[in-house]
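Asks: Pasting a structure below so you can have a look.
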Amino acid sequence: MGRYADEFERSITDPESFWADAARAIDWYREPTVILDSSNPPFYRWFPDGEMNTCDNALDRHVRDGRGDQAALIYDSPVTGTSRRYTYRELLDQVARFAGVLQSLGVTKGDRVVIYLPMIPEAAISMLACARIGAVHSVVFGGFAAPELAARIDDAAPKVVVSASCGIEVNRVVEYKPLLDRAIELATSKPDRCVILQRPQAVALMTEGRDVDWAEAVAGAEPAACVPVKATDPLYILYTSGTTARPKGVIRDNGGHAVALRWTMDNLYDVKPGEVFWAASDVGWVVGHSYIVYAPLLAGCTTVLYEGKPVGTPDAGAFWRVISEYGVTALFTAPTAFRVIKKEDPDGELARKYDLSGMKYLFLAGERLDPETYRWAKDLLGIPVIDHWWQTETGWAIAGDPMGLEALPTKPGSPTVPMPGYDVRILDPDGNEVAPGVTGEIVLRLPLPPGCLPSLWHDDDRFVSSYLSRHDGAYVTGDGGYRDQDGYLYVMGRTDDVINVAGHRLSTGEMEEVLAGHPAVAECAVIGVHDPVKGEVPRGFVTLKAGVGQDPASLSAELVALVRDRIGPVAALRRVDVVEALPKTRSGKILRKTMRGIANGEDEPIPSTIDNLDALSALRPVLISAD
Ligand code: COA
Ligand code: AMP
C-alpha cells in the first residue's frame, strides 16, 4: 500500500489514534486526553477536554517560535492601488489591539460578532481578534443585500457588528454602511455597538451612541491576551444556502478545526512554514475562512489577501502578477476564475510576461473542475492542477489529491480520492451502496472528521433533519456522483435546490420565495442552467395571476431587481421569463429537473407523471433560447 492508502485506512479504522497524532501539531493549554466523544450519536465531539486558543496558534505561537519578522499577511489591492505587508509581530499587535476594542465594547467569551467587511486586512484582523477572546464571529459576504444581513444578525444575535464605509467592485464603490443601517433596522435583534472602518473612497454616516470609529477605537485600545477556550467551543458561525430561504448557520469549533486545517497544509497542500499561500477567494466564504485566514497562519505561512478580480483589475494577468510579485507557492481558487481568464487571454500570453517559477501547485474547488479548464490550466502552467471537493459544512476537503502525503495520478473530472477521516459512500435511494461507475447520493459515514460542523447554530433539530435523518449513521452531502474501479470519486452536481454560480453557493428555493412574493406572480420556478464562465447561472420563470396586465418585459426587470435587492448582486439572476404555464406532475410538482435538462441541451426524458405536456411544449423554445 502507498502512504495515502495506509493513512486513509488508519483514519477510518482507528480515527482516535490518527487525530491524536495530528493534534500534536497544535499548542494546547490543556492537552486532550479524550480524542472523540461518541457518547451522544449522531452528535460527536472532538478533543472534548482539550483547551487551546486558535489565535494563539495562528499568531502568538509563531512570534514565540522566532517567526515574528516573517510576513504573515500580504494585502494586495489593485482596486485601491495599495499593497501592504504585515509581519507576524505586526499582525499580532493589530489583532491584540482590536481584541481589546471588542472587550471594551463588552464582548466576552461566547458572544457573537458579525463581520461585514470587504477584502481588507481588517477582515482577518477582526476574525482573529474574536478568536483571541473566545468570541464567535460570523462573517457575512459583502455581495449580500440588507435583508440577508438582517437574517444573519437575527440568527446570530451579535453584541457588536464590524463593518466599513465601502467595498470596491472593480471600479464601482459599494457603500456598505447604508446596507448595514438598513439591515439593523430590519433585524429584531439589534447589536449594541458597530465598529466602522472609514475608507477614503466613501464616508460612512455614523449613528451617535451606537457606532464607533475603527481608527479612533484602536488608537486608544489596550491589547488583549488570548483567552483559553475548550476545543469544542465555537470559533465561528458561517451561514450557507440550504433549500429554503433561511440560511443554515454552520458552526465550526476551535480545536478540531485547528487540528484538521494544520494537517491539510502539510499533507494535502504540501506547503511549508515560510512559504506563500494564496487563496483567491473572499473571506465571506468558507474557502476564505479556512485558507485565506486560518490554515496558512496556523502553518506559519504567508497568506495573501487580494482585493481584486481575476480580470478587469486591470487585466487577465492580475493573478500572474500577484504570484510573481510575492513568490506564491500554491494558488487556490475556483475554476470559474480560470475560465474567465481563459476567455480574455485564451493563449495565456499574459502569463508568459511574469516569472511563475516559484509556483508549485494550483488547487481548484468550489465547483466541479471541468476537464477542459483542467487541461488549459495544466498546459499553461505545467504544474500539478488539483481539483478538490468540499463544502462549507466540512470546512476542508472531503476529497483531493494529497500532495504532501503521496501525489496520486490525476484523472481529469475527478477530485481524486477521499481525504483521511472521510468514509465516503455512494448510495441508491433505498440507502444501499451502489457498484463502481453507478451514480448515487454521496454520503459520509459518521463520525465526520475534526473540523466538520458539529451542528447548526442553536438548531440541533435542523442539523439532524437536513443532513442526518435520511440515512442512518450517515451525513448527506447534497452532492451526487460515483466512484470508479480505482476508487476515484466523481462529483457531478447537487441533488437539491442548491446551485453554484461562479463558485458561489446559492439557493434557487430562496430566489423562488422572492419571486413568489411579488403581487403579480402566481407561480414560479428558478433553475440553474449551464454557463460557460460561471458554471451555472439562475434563470427564473413566472406565471401571472389572473387579470394582471403588466407588460412582461417591465415585470421581468422588476423581478430581477427584486432579487438583487432582497438577496444581493451575488445572486446573479439576470433573466426571468413570463410564461403561460409551468410543466407539472399530476400531483402538482413543478418539473424543474426536466426544465433544467432541456435548457442545458440534454436529452431529457419527459416524466410519465407529467400533467400538462402542452405547457412543456410551449416552454421548450423559451428554455433553449439564449440571452
Ligand atoms: N460586494 C459587493 N458586490 C459583490 C461582491 C462583494 N464582495 N462580490 C460580487 N459582487 C457583485 C459583483 O460586482 C456583481 O455585480 P453586478 O451584477 O453589478 O456586475 C455580482 O455581485 C455578481 O458577482 P459574480 O458572480 O462574482 O460575477 P462577476 O462578474 O463580478 O465576477 C468572477 C465573476 C468569475 C470574476 C468572480 O466571481 C470570481 O472571481 N470568482 C472566483 C473566485 C471566488 O470568489 N470563488 C469563491 C469560492 S472559492
Ligand atoms: P460551498 O459550501 O459554498 O463551499 O459549496 C459546496 C458545494 O460546491 C458542494 O456541495 C458541491 O456541490 C460544490 N463543489 C465544491 N467543490 C467542488 C468540486 N471540486 N467538484 C464538484 N463540486 C464541488
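In the C-alpha cells, chains take letters A, B, ... by order of appearance, with residues numbered from 1 within each chain and ligands from 1 in the order shown.
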Could you give me the residues within 7 Å of ligand 1, counting only C-alpha atoms and all ligand atoms, as a ChimeraX atom specification?
Replies: /A:118,141-143,167,169,174,280-282,285,287,309-311,333-334,336-337,340,365-366,501-504,533-534,569-572
Asks: Go through chain A and flag each residue having an atom no more than 6 Å from ligand 2; for those, report the closest pair of atoms plus their distance in Å to one decimal, using only C-alpha atoms and all ligand atoms, ordered by chain and rising number, as a Markdown table.
Replies:
```
| residue | atom | partner | partner_atom_place_in_ligand_line | distance |
| --- | --- | --- | --- | --- |
| A:Ala365 | CA | ligand 2 | 19 (N) | 4.2 |
| A:Gly366 | CA | ligand 2 | 15 (C) | 3.5 |
| A:Glu367 | CA | ligand 2 | 23 (C) | 3.6 |
| A:Arg368 | CA | ligand 2 | 21 (C) | 3.3 |
| A:Leu369 | CA | ligand 2 | 20 (N) | 5.9 |
| A:Asp387 | CA | ligand 2 | 19 (N) | 5.2 |
| A:His388 | CA | ligand 2 | 19 (N) | 4.3 |
| A:Trp389 | CA | ligand 2 | 19 (N) | 3.5 |
| A:Trp390 | CA | ligand 2 | 16 (N) | 4.9 |
| A:Gln391 | CA | ligand 2 | 4 (O) | 3.6 |
| A:Thr392 | CA | ligand 2 | 2 (O) | 3.6 |
| A:Pro415 | CA | ligand 2 | 19 (N) | 5.8 |
| A:Asp479 | CA | ligand 2 | 12 (O) | 5.5 |
| A:Val491 | CA | ligand 2 | 21 (C) | 4.9 |
| A:Gly493 | CA | ligand 2 | 12 (O) | 5.3 |
| A:Arg494 | CA | ligand 2 | 12 (O) | 5.0 |
| A:His504 | CA | ligand 2 | 3 (O) | 5.6 |
| A:Arg505 | CA | ligand 2 | 3 (O) | 4.4 |
```
Asks: If I take CA of Glu216 in chain A and CA of Thr108 in chain A, how far is one from the other in Å, to one decimal?
Replies: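 Result for CA of Glu216 in chain A versus CA of Thr108 in chain A: 20.9 Å, one decimal.
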Asks: Report as a CSV table (one decimal) with C-alpha atoms, in the first residue's frame all protein, DNA and RNA residues lying within 9 Å of Ala124 in chain A, evaluated on only C-alpha atoms, omitting residues in the same chain fewer than 5 positions from it.
Replies:
```csv
chain,number,residue,atom,x,y,z
A,95,VAL,CA,-5.2,41.7,16.4
A,119,MET,CA,-11.4,42.1,1.3
A,129,ALA,CA,-9.5,39.2,17.4
A,283,VAL,CA,-13.3,36.0,3.5
A,289,HIS,CA,-12.2,31.4,6.3
A,292,ILE,CA,-7.1,33.0,3.5
A,293,VAL,CA,-7.1,33.3,7.3
A,294,TYR,CA,-6.8,30.2,9.5
A,305,LEU,CA,-5.4,38.8,0.9
```
Asks: Which of these residues is nearest to Glu393 in chain A, using only C-alpha atoms: A:Thr80, A:Ser138, A:Thr477, A:Ser469?
Replies: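 Closest candidate: A:Thr477.
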Asks: Just asking: which residues within range 166-348 of chain A are helix (DSSP H, G or I) according to DSSP, as a count of residues only?
Replies: 61
Asks: Return the single residue from A:His137, A:Lys177, A:Arg262, A:Arg352 that is closest to Gly284 in chain A, with distances computed using only C-alpha atoms.
Replies: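 Among the listed residues, A:His137 lies closest to Gly284 in chain A.
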Asks: If we count only C-alpha atoms and set the cut-off at 10 Å, which residues sit around Asp551 in chain A, ignoring sequence neighbours fewer than 4 positions away in its own chain? Please answer as a VMD selection string.
Replies: chain A and resid 555 to 556 578
Asks: Measuring between only C-alpha atoms, which one of A:Ala522, A:Ala351, A:Ile426, A:Met511 shows the shortest distance to Thr244 in chain A?
Replies: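 The answer is A:Met511, which sits nearest to Thr244 in chain A.
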Asks: Pick out the closest residue to Lys190 in chain A from this set: A:His518, A:Arg172, A:Lys159, A:Arg596. Count only C-alpha atoms.
Replies: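 For Lys190 in chain A, the nearest of the given residues is A:Lys159.
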Asks: Determine which residues of range 196-372 of chain A DSSP labels as strand (DSSP E) from the backbone of this structure, then write them out as a PyMOL selection string.
Replies: chain A and resi 196-197+211-213+229-230+234-240+248-253+276-279+302-306+328-333+361-364
Asks: For Asp233 in chain A, which residue out of A:His62, A:Arg470, A:Arg252, A:Lys360 is the nearest one, using only C-alpha atoms?
Replies: A:Arg252
